[in-house]
Every structure is written in C-alpha cells, then in structure tokens.
$ cat work.cif   # mmCIF, C-alpha atoms
data_upload
#
loop_
_atom_site.label_atom_id
_atom_site.label_comp_id
_atom_site.auth_asym_id
_atom_site.auth_seq_id
_atom_site.Cartn_x
_atom_site.Cartn_y
_atom_site.Cartn_z
CA MET S 1 11.52 -14.69 -52.43
CA LEU S 2 12.18 -17.11 -49.61
CA LEU S 3 12.08 -20.77 -48.71
CA PHE S 4 10.29 -22.26 -45.77
CA VAL S 5 9.66 -25.59 -44.12
CA CYS S 6 6.16 -26.18 -42.82
CA ILE S 7 4.97 -28.69 -40.17
CA LEU S 8 1.23 -29.08 -39.68
CA GLY S 9 -0.81 -31.06 -37.08
CA LEU S 10 -4.58 -31.55 -37.27
CA PHE S 11 -7.38 -32.81 -35.00
CA SER S 12 -11.09 -32.11 -34.37
CA ALA S 13 -12.29 -29.25 -32.18
CA THR S 14 -14.97 -28.54 -29.57
CA SER S 15 -15.13 -26.01 -26.76
CA ALA S 16 -15.07 -26.28 -22.98
CA ALA S 17 -17.78 -24.49 -20.99
CA VAL S 18 -15.55 -23.91 -17.95
CA VAL S 19 -11.81 -23.84 -17.35
CA PRO S 20 -10.77 -27.16 -15.78
CA LYS S 21 -8.24 -27.47 -12.98
CA PRO S 22 -4.64 -28.41 -13.89
CA CYS S 23 -4.24 -32.19 -13.65
CA CYS S 24 -1.70 -34.99 -13.22
CA SER S 25 -1.30 -38.18 -15.23
CA LYS S 26 0.02 -41.52 -13.95
CA HIS S 27 3.62 -41.52 -12.69
CA GLN S 28 4.48 -44.59 -14.79
CA MET S 29 3.67 -44.94 -18.47
CA THR S 30 4.70 -46.69 -21.68
CA ALA S 31 3.85 -45.01 -24.98
CA GLU S 32 4.77 -44.83 -28.64
CA LEU S 33 5.69 -41.35 -29.85
CA VAL S 34 6.27 -39.58 -33.13
CA GLN S 35 8.63 -36.65 -32.61
CA ILE S 36 9.29 -33.95 -35.20
CA THR S 37 12.06 -31.47 -34.41
CA GLY S 38 12.40 -28.27 -36.41
CA SER S 39 15.64 -26.34 -35.88
CA TYR S 40 17.04 -23.03 -37.06
CA THR S 41 20.83 -23.03 -36.73
CA ASN S 42 22.96 -20.12 -37.96
CA GLY S 43 20.35 -19.24 -40.58
CA THR S 44 19.71 -22.82 -41.79
CA PRO S 45 16.42 -24.65 -41.05
CA ALA S 46 16.13 -28.41 -40.71
CA THR S 47 13.57 -30.98 -39.64
CA VAL S 48 14.08 -34.45 -38.14
CA GLU S 49 11.29 -37.00 -37.66
CA ALA S 50 11.65 -39.96 -35.30
CA ALA S 51 9.41 -42.76 -34.00
CA ILE S 52 10.23 -43.59 -30.39
CA LYS S 53 8.95 -46.03 -27.77
CA ILE S 54 9.17 -44.47 -24.33
CA GLN S 55 9.12 -45.96 -20.82
CA TYR S 56 8.58 -43.23 -18.22
CA ASP S 57 8.87 -43.66 -14.43
CA TYR S 58 8.62 -40.44 -12.46
CA ASP S 59 8.82 -42.20 -9.08
CA THR S 60 12.34 -43.52 -9.82
CA LYS S 61 13.25 -40.51 -12.05
CA MET S 62 14.10 -42.77 -15.00
CA ILE S 63 13.18 -42.62 -18.69
CA LYS S 64 14.00 -44.97 -21.56
CA LEU S 65 13.75 -44.13 -25.26
CA GLU S 66 13.89 -46.87 -27.92
CA GLN S 67 14.38 -45.59 -31.47
CA THR S 68 13.53 -47.47 -34.66
CA ASP S 69 17.21 -47.54 -35.73
CA GLY S 70 17.98 -49.80 -32.74
CA THR S 71 19.45 -47.06 -30.55
CA THR S 72 18.31 -47.00 -26.92
CA ILE S 73 18.72 -43.99 -24.64
CA ILE S 74 18.35 -44.32 -20.86
CA GLN S 75 18.30 -41.18 -18.72
CA ASP S 76 18.83 -41.51 -14.97
CA PHE S 77 17.91 -38.19 -13.34
CA ASN S 78 18.89 -39.42 -9.87
CA LYS S 79 22.53 -39.82 -10.95
CA THR S 80 22.29 -37.22 -13.78
CA GLN S 81 23.57 -39.83 -16.24
CA GLN S 82 22.58 -40.64 -19.80
CA TYR S 83 23.38 -43.98 -21.47
CA ILE S 84 23.28 -44.42 -25.25
CA ILE S 85 23.22 -48.06 -26.33
CA SER S 86 23.64 -49.02 -30.00
CA GLY S 87 24.41 -52.62 -30.89
CA LYS S 88 27.25 -53.76 -28.63
CA SER S 89 28.43 -50.23 -27.79
CA CYS S 90 27.39 -48.13 -24.80
CA LEU S 91 28.26 -44.48 -24.22
CA LYS S 92 27.77 -42.74 -20.87
CA ASP S 93 27.36 -38.94 -20.57
CA LYS S 94 26.45 -36.52 -17.81
CA LEU S 95 23.02 -34.94 -18.02
CA PRO S 96 22.95 -31.15 -17.55
CA THR S 97 22.80 -30.49 -13.82
CA ASP S 98 19.83 -28.13 -14.17
CA LEU S 99 17.80 -30.56 -16.32
CA GLN S 100 15.06 -32.47 -14.50
CA LEU S 101 12.67 -35.21 -15.55
CA GLN S 102 9.53 -33.52 -16.76
CA PRO S 103 6.80 -34.09 -14.15
CA PRO S 104 3.47 -35.76 -15.09
CA CYS S 105 1.42 -32.75 -13.93
CA VAL S 106 0.13 -29.59 -15.55
CA PRO S 107 1.45 -26.86 -13.21
CA SER S 108 -0.85 -24.44 -11.43
CA ASN S 109 0.54 -21.46 -13.40
CA ALA S 110 -0.37 -23.01 -16.79
CA THR S 111 -2.66 -21.03 -19.14
CA TYR S 112 -5.71 -22.91 -20.43
CA ARG S 113 -6.01 -22.89 -24.24
CA GLY S 114 -9.29 -24.77 -24.76
CA ARG S 115 -10.85 -28.20 -25.31
CA ARG S 116 -10.74 -30.44 -28.41
CA THR S 117 -12.09 -33.88 -29.35
CA ILE S 118 -10.19 -36.86 -30.77
CA GLY S 119 -11.48 -40.19 -32.01
CA ASP S 120 -14.20 -41.40 -34.37
CA ASP S 121 -16.57 -44.13 -33.14
CA VAL S 122 -15.17 -43.59 -29.63
CA THR S 123 -14.27 -39.98 -28.80
CA TYR S 124 -12.35 -38.32 -25.96
CA ASP S 125 -12.14 -34.70 -24.85
CA VAL S 126 -8.63 -33.21 -24.85
CA ASP S 127 -7.56 -30.08 -22.92
CA THR S 128 -4.66 -27.91 -24.08
CA TRP S 129 -2.41 -25.88 -21.74
CA PHE S 130 0.49 -23.47 -22.24
CA ILE S 131 3.38 -23.31 -19.75
CA ALA S 132 5.96 -20.54 -20.27
CA ASP S 133 9.64 -20.49 -19.27
CA THR S 134 10.04 -24.06 -18.01
CA PRO S 135 13.49 -25.71 -17.80
CA TRP S 136 12.59 -27.46 -21.09
CA GLY S 137 11.39 -24.29 -22.85
CA ASN S 138 7.92 -22.95 -23.58
CA ILE S 139 5.51 -25.91 -23.61
CA THR S 140 2.09 -26.42 -25.17
CA VAL S 141 0.62 -29.72 -23.99
CA SER S 142 -2.67 -31.47 -24.81
CA VAL S 143 -3.98 -34.10 -22.36
CA MET S 144 -7.03 -36.34 -22.02
CA ALA S 145 -9.64 -34.40 -20.04
CA HIS S 146 -10.74 -37.41 -17.96
CA ASP S 147 -7.33 -38.62 -16.73
CA CYS S 148 -4.60 -36.24 -17.99
CA THR S 149 -2.93 -38.80 -20.33
CA PRO S 150 -0.69 -36.80 -22.71
CA VAL S 151 -1.73 -36.66 -26.38
CA MET S 152 0.51 -34.00 -27.90
CA GLN S 153 3.29 -31.72 -26.69
CA GLY S 154 5.04 -28.85 -28.40
CA THR S 155 8.27 -27.42 -26.96
CA SER S 156 10.08 -24.28 -28.13
CA THR S 157 13.63 -23.50 -26.98
CA ASN S 158 16.56 -21.30 -27.91
CA GLU S 159 20.06 -22.15 -26.68
CA ASN S 160 23.59 -22.31 -28.07
CA ASN S 161 22.48 -20.25 -31.10
CA VAL S 162 19.93 -22.90 -32.08
CA ASN S 163 16.16 -22.31 -32.16
CA LEU S 164 14.26 -25.59 -31.66
CA ASN S 165 10.59 -26.40 -32.08
CA VAL S 166 9.71 -29.96 -31.07
CA LEU S 167 6.30 -31.53 -31.75
CA ILE S 168 5.57 -34.85 -30.00
CA GLN S 169 2.53 -37.00 -30.80
CA VAL S 170 1.57 -39.82 -28.42
CA ARG S 171 0.41 -42.75 -30.55
CA LEU S 172 -0.58 -45.30 -27.89
CA ALA S 173 -0.69 -45.15 -24.09
CA PHE S 174 -0.57 -48.52 -22.33
CA ALA S 175 -0.40 -47.47 -18.69
CA LEU S 176 -4.16 -47.02 -18.27
CA LYS S 177 -6.44 -50.00 -18.84
CA ASP S 178 -9.64 -48.02 -19.49
CA ILE S 179 -8.38 -46.62 -22.81
CA ALA S 180 -8.62 -48.92 -25.81
CA ALA S 181 -5.42 -49.38 -27.82
CA ARG S 182 -6.48 -46.97 -30.53
CA ASP S 183 -4.24 -45.03 -32.86
CA TYR S 184 -4.94 -41.31 -32.43
CA LEU S 185 -1.83 -40.13 -34.21
CA LEU S 186 -2.42 -36.63 -35.52
CA LYS S 187 -2.16 -36.04 -39.24
CA LEU S 188 1.23 -34.52 -40.03
CA ILE S 189 2.27 -32.72 -43.20
CA LYS S 190 5.84 -31.59 -43.86
CA VAL S 191 6.64 -29.57 -46.98
CA SER S 192 9.39 -27.31 -48.32
CA MET S 193 8.37 -24.40 -50.52
CA LYS S 194 9.71 -21.40 -52.35
CA LEU S 195 7.58 -18.35 -51.62
CA TYR S 196 7.03 -15.20 -53.69
CA TYR S 197 5.32 -12.46 -51.67
CA ASP S 198 4.06 -9.10 -53.01
CA TYR S 199 1.97 -7.16 -50.51
CA ASP S 200 1.59 -4.09 -52.75
CA ASN S 201 -0.28 -6.17 -55.34
CA LEU S 202 -1.74 -8.61 -52.78
CA MET S 203 -0.29 -11.63 -54.59
CA MET S 204 1.51 -14.70 -53.27
CA LYS S 205 2.97 -17.77 -54.97
CA MET S 206 4.22 -21.02 -53.41
CA GLU S 207 6.32 -23.49 -55.42
CA ARG S 208 6.49 -26.94 -53.83
CA LEU S 209 9.25 -29.47 -54.41
CA ASP S 210 6.74 -31.93 -55.92
CA GLY S 211 6.18 -29.52 -58.84
CA THR S 212 2.86 -28.10 -57.60
CA THR S 213 2.51 -24.29 -57.69
CA ILE S 214 -0.14 -22.38 -55.75
CA VAL S 215 -0.92 -18.74 -56.65
CA GLN S 216 -3.15 -16.71 -54.33
CA ASP S 217 -4.74 -13.50 -55.64
CA PHE S 218 -6.16 -11.57 -52.68
CA ASN S 219 -7.52 -8.80 -54.92
CA HIS S 220 -9.92 -11.19 -56.64
CA LYS S 221 -10.09 -13.70 -53.74
CA LYS S 222 -8.93 -16.55 -55.99
CA GLN S 223 -6.47 -19.42 -55.60
CA TYR S 224 -4.90 -21.22 -58.55
CA THR S 225 -3.30 -24.65 -58.22
CA LEU S 226 -0.98 -25.68 -61.06
CA SER S 227 0.41 -29.20 -61.43
CA GLY S 228 1.97 -30.27 -64.71
CA LYS S 229 -0.38 -29.17 -67.49
CA SER S 230 -3.45 -28.92 -65.24
CA CYS S 231 -4.75 -25.81 -63.50
CA SER S 232 -7.67 -25.49 -61.08
CA LYS S 233 -9.23 -22.33 -59.67
CA ASN S 234 -10.95 -21.92 -56.30
CA ASP S 235 -12.32 -19.09 -54.18
CA LEU S 236 -10.21 -18.07 -51.19
CA PRO S 237 -12.04 -18.43 -47.84
CA ASN S 238 -14.26 -15.50 -46.88
CA GLY S 239 -12.55 -13.18 -44.41
CA LEU S 240 -9.04 -14.39 -45.27
CA ASN S 241 -6.75 -11.45 -45.94
CA MET S 242 -3.15 -11.48 -47.09
CA GLN S 243 -0.88 -11.50 -44.08
CA PRO S 244 0.73 -8.03 -43.82
CA PRO S 245 4.52 -7.58 -43.47
CA CYS S 246 4.11 -5.68 -40.17
CA ILE S 247 3.81 -6.59 -36.50
CA GLN S 248 0.41 -5.24 -35.46
CA SER S 249 0.19 -2.62 -32.73
CA ASN S 250 -1.84 -4.99 -30.51
CA ALA S 251 0.83 -7.73 -30.60
CA THR S 252 2.24 -9.00 -27.30
CA TYR S 253 6.04 -8.98 -27.00
CA ARG S 254 7.48 -12.36 -25.97
CA GLY S 255 11.16 -11.48 -25.66
CA ARG S 256 14.49 -11.40 -27.52
CA ASN S 257 16.84 -14.28 -28.46
CA THR S 258 20.08 -14.51 -30.43
CA ILE S 259 20.80 -16.73 -33.45
CA GLY S 260 24.07 -17.23 -35.31
CA ASP S 261 27.62 -18.14 -34.41
CA ASP S 262 30.42 -16.16 -36.04
CA VAL S 263 27.77 -13.60 -37.07
CA ALA S 264 24.99 -13.24 -34.49
CA TYR S 265 21.59 -11.58 -34.86
CA ASP S 266 18.98 -10.54 -32.31
CA VAL S 267 15.52 -12.00 -32.89
CA ASP S 268 12.30 -10.61 -31.36
CA THR S 269 9.23 -12.79 -30.82
CA TRP S 270 5.64 -11.50 -30.84
CA PHE S 271 2.20 -13.06 -30.26
CA ILE S 272 -0.82 -11.86 -32.26
CA GLU S 273 -4.18 -13.20 -31.15
CA SER S 274 -7.14 -13.83 -33.48
CA SER S 275 -5.79 -12.59 -36.80
CA SER S 276 -7.61 -13.69 -39.97
CA TRP S 277 -4.96 -16.42 -40.17
CA GLY S 278 -5.44 -17.59 -36.57
CA ASN S 279 -3.28 -17.03 -33.49
CA LEU S 280 0.25 -16.17 -34.60
CA THR S 281 3.61 -16.43 -32.86
CA VAL S 282 6.21 -14.78 -35.06
CA SER S 283 9.98 -14.31 -34.62
CA VAL S 284 11.68 -11.59 -36.68
CA MET S 285 15.16 -10.10 -37.02
CA ALA S 286 15.36 -7.18 -34.59
CA HIS S 287 17.23 -4.90 -37.02
CA ASP S 288 14.93 -5.19 -40.08
CA CYS S 289 11.89 -7.36 -39.15
CA THR S 290 12.82 -10.18 -41.55
CA LEU S 291 10.86 -13.34 -40.74
CA VAL S 292 12.72 -16.20 -39.03
CA VAL S 293 10.07 -18.52 -37.55
CA GLN S 294 6.28 -18.34 -37.51
CA GLY S 295 3.73 -20.46 -35.66
CA ILE S 296 0.06 -20.46 -36.67
CA SER S 297 -2.79 -22.02 -34.68
CA THR S 298 -6.25 -22.12 -36.27
CA ASN S 299 -9.67 -23.63 -35.64
CA ALA S 300 -12.02 -23.80 -38.66
CA ASN S 301 -14.66 -26.27 -39.88
CA ASN S 302 -14.11 -28.46 -36.78
CA VAL S 303 -10.42 -28.87 -37.57
CA VAL S 304 -7.63 -27.47 -35.41
CA SER S 305 -4.29 -26.94 -37.14
CA GLN S 306 -0.90 -26.00 -35.70
CA THR S 307 1.69 -24.93 -38.26
CA THR S 308 5.36 -24.05 -37.75
CA ILE S 309 7.18 -22.28 -40.60
CA PHE S 310 10.97 -21.82 -40.78
CA TYR S 311 12.16 -19.13 -43.22
CA HIS S 312 15.60 -19.00 -44.82
CA ASN S 313 17.33 -17.49 -47.85
CA VAL S 314 15.08 -14.43 -47.66
CA GLN S 315 15.75 -11.97 -50.50
CA TYR S 316 14.23 -8.52 -50.97
CA THR S 317 13.79 -8.02 -54.70
CA THR S 318 11.33 -6.45 -57.14
CA LEU S 319 8.85 -9.03 -58.43
CA GLU S 320 7.41 -8.67 -61.93
CA ALA S 321 3.70 -9.30 -62.55
CA THR S 322 4.66 -12.32 -64.66
CA ALA S 323 5.88 -14.04 -61.48
CA PHE S 324 2.21 -14.59 -60.58
CA GLN S 325 0.87 -15.33 -64.06
CA VAL S 326 -1.55 -18.27 -64.43
CA PRO S 327 -3.12 -19.86 -67.56
CA GLN S 328 -6.21 -18.04 -68.83
CA ASN S 329 -8.09 -21.31 -69.24
CA CYS S 330 -7.66 -22.33 -65.58
CA SER S 331 -10.87 -24.26 -64.73
CA GLU S 332 -13.15 -23.84 -61.74
CA SER S 333 -12.98 -26.68 -59.19
#
$ encode --input "work.cif" --output "structure tokens"
Amino acid sequence: MLLFVCILGLFSATSAAVVPKPCCSKHQMTAELVQITGSYTNGTPATVEAAIKIQYDYDTKMIKLEQTDGTTIIQDFNKTQQYIISGKSCLKDKLPTDLQLQPPCVPSNATYRGRRTIGDDVTYDVDTWFIADTPWGNITVSVMAHDCTPVMQGTSTNENNVNLNVLIQVRLAFALKDIAARDYLLKLIKVSMKLYYDYDNLMMKMERLDGTTIVQDFNHKKQYTLSGKSCSKNDLPNGLNMQPPCIQSNATYRGRNTIGDDVAYDVDTWFIESSSWGNLTVSVMAHDCTLVVQGISTNANNVVSQTTIFYHNVQYTTLEATAFQVPQNCSES
C-alpha cells in the first residue's frame, strides 16, 4: 500500500487547426495568482497553497509579490536583490546570480501542446506550450491565443535533493483593457489517499481522509464508492484499463535526478504518450522502479485535467482478497 497527494486542474477543451507561432504578452502586468507547490523532500511529500497578487515589469526587471498573510516580496533582477517585507521588518537577500526574470514570451524552441477554451457566456481560446530545461525548470504554460496573456503555468524542478512541481493559476489580468475582469480560476482539487494496488487481480482501492473509500474492479469494469453506511456502484469508463506497474517499451526517457540527503536515491523520469489514462510523466526509483511522482494529462468529455501525484510510504506486501471487499447490496447509481 502507499499514500499519495493529488493535485488536479480542470478546464474545457477544443482543438487548434494549425500550430500558432510562439507569442509575447505585455511587458507590464498586474494579476492575482493561486499557486500550489508540491514538493518531495527526502522521501516526504508536501503541498503548499498560496494566493498572491503580482506586479510584473519586464522592462525594469522588477517583480513584486503580495501574499495574503501580509508578507511582500520584491525581486530586483538588475541588482540581484530580494526584499522580504513583513510588518515593520525588512530582510534583504541576494538572488541567485544565474536566476533571471522570466520573460513574457513563449520561446521559439517551445513545443506546442494544443488549444483549449475557457469561459462561459464569453469564451477565449487558450494555447498551451512546453519549454524544457529553462533556468526555472521544465515549464508548461497556457496563454490567451489572441494576446498571449498567461492563464496557467506549471513548473517542475529538482535541486538540493528537493523535487518541486509548481502550478500557478492566473485569476485576473488587469494590464489589458480588452479583457473583462472575469474570474477564470481553474477548478482545483487536493486530496490525500491511501492506495491498495493489486495488478494480478486487477483491483485497486483508495481510502480518502474524509472517510470515503473507492474500490475499482477492472475485471468486471465496476467502481464502488463507500461512504459511511452507503455504497454506490458504477461502470468504469469504456477503454480504461488498470495502469500496469511497468514502464512501457515506447516510453521516452526524460533523464535522471537524485533525491534524499543522508541517503540518496537516483530517480528516472519517463514520458508515455496516449495511454488509456492520458499522457503520463512518471518518475521512479532507478534501482527498483518504485513510483515517486506521476503526472497525468487527459482530455475527455470536453474537460482537460492535469493531475500530479506524489507517492510516499510505499510498501510491497501481499494483499488479501478481503482488502477489496464491498457490500453485496451495493446499489447501482
């Protein structure tokens, strides 16, 4: 069994007929952000959620972050200085010399990942790009198709024995007058679960902290949801297979990192395109293929989802059939 933390973002989907050219947004912008950071440090996962108001000025190489707890962070990339202001105190630190202010442009070497739609009564097309090996890590960024205003950004890094996955949602952009002040914050779900996985019998069980238990039977294509004394039964989606415990032969290798401090482990990352679960990015222990982090990107029923899962406390043990037992009178939903 194992525990994992899951972060999920959702928005509507369309498709682009042609690949657009990389674009640039305005050099000055004010926006409200929701930032979720998932970390994996020495075998321990954690998530931190923060609401931040940002003032961004690429021309002067300055950025200001105002947090809801009253803390203000100002980063001056001309002088490589960072100022942290909280109440009447102010702390000054040096920024890393190799760290630069992220430019407002999608670079020419970015890989196009497709077009989506946000909004309800008023809709906007959103283009998604992937940029590998930047000074800030591997970046997936979604921008307005008509003017390149950022909507969402995901950043993945690994340094100082810490794996970080950062998801940033832009709530409101005030720099451009032609966009109404609408709230397009993506729907976020964060849960911790205990997982029982048995590939031989094609059974899986997830126990959530709120007391809900989900049992998936891939032999009979059924899902059971138990909460208190109630139990409901549903069909699993057609074409959905239990995720195997192996890296497929067609997977693309993305490189090796190291996690841990006093005891260090090598971790290999792979990308698997178009599995029955979606596009997968999975990091595993190099010595025994134990899962560490998994990213899943799907597009079904006009909903795009991006999920990041952090695994910890993984135990290899024999699971009895009773571990997946459900009430016989479980009703159809």
$ atom_distance --input "work.cif" --atom1 "atom CA of S:Met62" --atom2 "atom CA of S:Asn78"
7.8 Å
$ atom_distance --input "work.cif" --atom1 "atom CA of S:Ile74" --atom2 "atom CA of S:Asp147"
26.6 Å
$ resolve_selection --input "work.cif" --expression "the PyMOL selection byres ((chain S and resi 213-229) around 10)" --output "PyMOL selection string"
chain S and resi 193-197+199+201-212+230-242+323-327+330-333
$ write_last_selection --input "work.cif" --atoms "C-alpha atoms" --output "PDB file, in the coordinates of the input"
ATOM      1  CA  MET S 193       8.370 -24.400 -50.520  1.00  0.00           C
ATOM      2  CA  LYS S 194       9.710 -21.400 -52.350  1.00  0.00           C
ATOM      3  CA  LEU S 195       7.580 -18.350 -51.620  1.00  0.00           C
ATOM      4  CA  TYR S 196       7.030 -15.200 -53.690  1.00  0.00           C
ATOM      5  CA  TYR S 197       5.320 -12.460 -51.670  1.00  0.00           C
ATOM      6  CA  TYR S 199       1.970  -7.160 -50.510  1.00  0.00           C
ATOM      7  CA  ASN S 201      -0.280  -6.170 -55.340  1.00  0.00           C
ATOM      8  CA  LEU S 202      -1.740  -8.610 -52.780  1.00  0.00           C
ATOM      9  CA  MET S 203      -0.290 -11.630 -54.590  1.00  0.00           C
ATOM     10  CA  MET S 204       1.510 -14.700 -53.270  1.00  0.00           C
ATOM     11  CA  LYS S 205       2.970 -17.770 -54.970  1.00  0.00           C
ATOM     12  CA  MET S 206       4.220 -21.020 -53.410  1.00  0.00           C
ATOM     13  CA  GLU S 207       6.320 -23.490 -55.420  1.00  0.00           C
ATOM     14  CA  ARG S 208       6.490 -26.940 -53.830  1.00  0.00           C
ATOM     15  CA  LEU S 209       9.250 -29.470 -54.410  1.00  0.00           C
ATOM     16  CA  ASP S 210       6.740 -31.930 -55.920  1.00  0.00           C
ATOM     17  CA  GLY S 211       6.180 -29.520 -58.840  1.00  0.00           C
ATOM     18  CA  THR S 212       2.860 -28.100 -57.600  1.00  0.00           C
ATOM     19  CA  SER S 230      -3.450 -28.920 -65.240  1.00  0.00           C
ATOM     20  CA  CYS S 231      -4.750 -25.810 -63.500  1.00  0.00           C
ATOM     21  CA  SER S 232      -7.670 -25.490 -61.080  1.00  0.00           C
ATOM     22  CA  LYS S 233      -9.230 -22.330 -59.670  1.00  0.00           C
ATOM     23  CA  ASN S 234     -10.950 -21.920 -56.300  1.00  0.00           C
ATOM     24  CA  ASP S 235     -12.320 -19.090 -54.180  1.00  0.00           C
ATOM     25  CA  LEU S 236     -10.210 -18.070 -51.190  1.00  0.00           C
ATOM     26  CA  PRO S 237     -12.040 -18.430 -47.840  1.00  0.00           C
ATOM     27  CA  ASN S 238     -14.260 -15.500 -46.880  1.00  0.00           C
ATOM     28  CA  GLY S 239     -12.550 -13.180 -44.410  1.00  0.00           C
ATOM     29  CA  LEU S 240      -9.040 -14.390 -45.270  1.00  0.00           C
ATOM     30  CA  ASN S 241      -6.750 -11.450 -45.940  1.00  0.00           C
ATOM     31  CA  MET S 242      -3.150 -11.480 -47.090  1.00  0.00           C
ATOM     32  CA  ALA S 323       5.880 -14.040 -61.480  1.00  0.00           C
ATOM     33  CA  PHE S 324       2.210 -14.590 -60.580  1.00  0.00           C
ATOM     34  CA  GLN S 325       0.870 -15.330 -64.060  1.00  0.00           C
ATOM     35  CA  VAL S 326      -1.550 -18.270 -64.430  1.00  0.00           C
ATOM     36  CA  PRO S 327      -3.120 -19.860 -67.560  1.00  0.00           C
ATOM     37  CA  CYS S 330      -7.660 -22.330 -65.580  1.00  0.00           C
ATOM     38  CA  SER S 331     -10.870 -24.260 -64.730  1.00  0.00           C
ATOM     39  CA  GLU S 332     -13.150 -23.840 -61.740  1.00  0.00           C
ATOM     40  CA  SER S 333     -12.980 -26.680 -59.190  1.00  0.00           C
TER      41      SER S 333
END
$ atom_distance --input "work.cif" --atom1 "atom CA of S:Thr134" --atom2 "atom CA of S:Gly38"
19.0 Å
$ residues_near_point --input "work.cif" --point "(21.0, -54.1, -29.2)" --cutoff "9 Å" --atoms "all atoms listed in the file" --output "VMD selection string"
chain S and resid 70 to 72 85 to 89
$ resolve_selection --input "work.cif" --expression "the PyMOL selection byres ((chain S and resi 291) around 12)" --output "VMD selection string"
chain S and resid 1 to 4 43 244 to 247 267 to 270 281 to 290 292 to 295 309 to 316
$ closest_residue --input "work.cif" --among "S:Pro135, S:Tyr83, S:Cys105, S:Met152" --to "S:Gln35" --atoms "all atoms listed in the file"
S:Met152
$ residues_near_point --input "work.cif" --point "(11.2, -47.3, -8.5)" --cutoff "12 Å" --atoms "all atoms listed in the file" --output "list in words"
His27, Gln28, Tyr56, Asp57, Tyr58, Asp59, Thr60, Lys61, Met62, Ile63, Asp76 and Asn78 of chain S
$ resolve_selection --input "work.cif" --expression "the PyMOL selection byres ((chain S and resi 126-129) around 7)" --output "PyMOL selection string"
chain S and resi 110-117+124-125+130-131+140-145
$ axis_aligned_box --input "work.cif" --around "stretch 227-243 of chain S" --padding-each-side "4 Å" --output "lines of an AutoDock Vina configuration file"
center_x = -6.1
center_y = -20.9
center_z = -55.8
size_x = 24.2
size_y = 26.8
size_z = 31.4
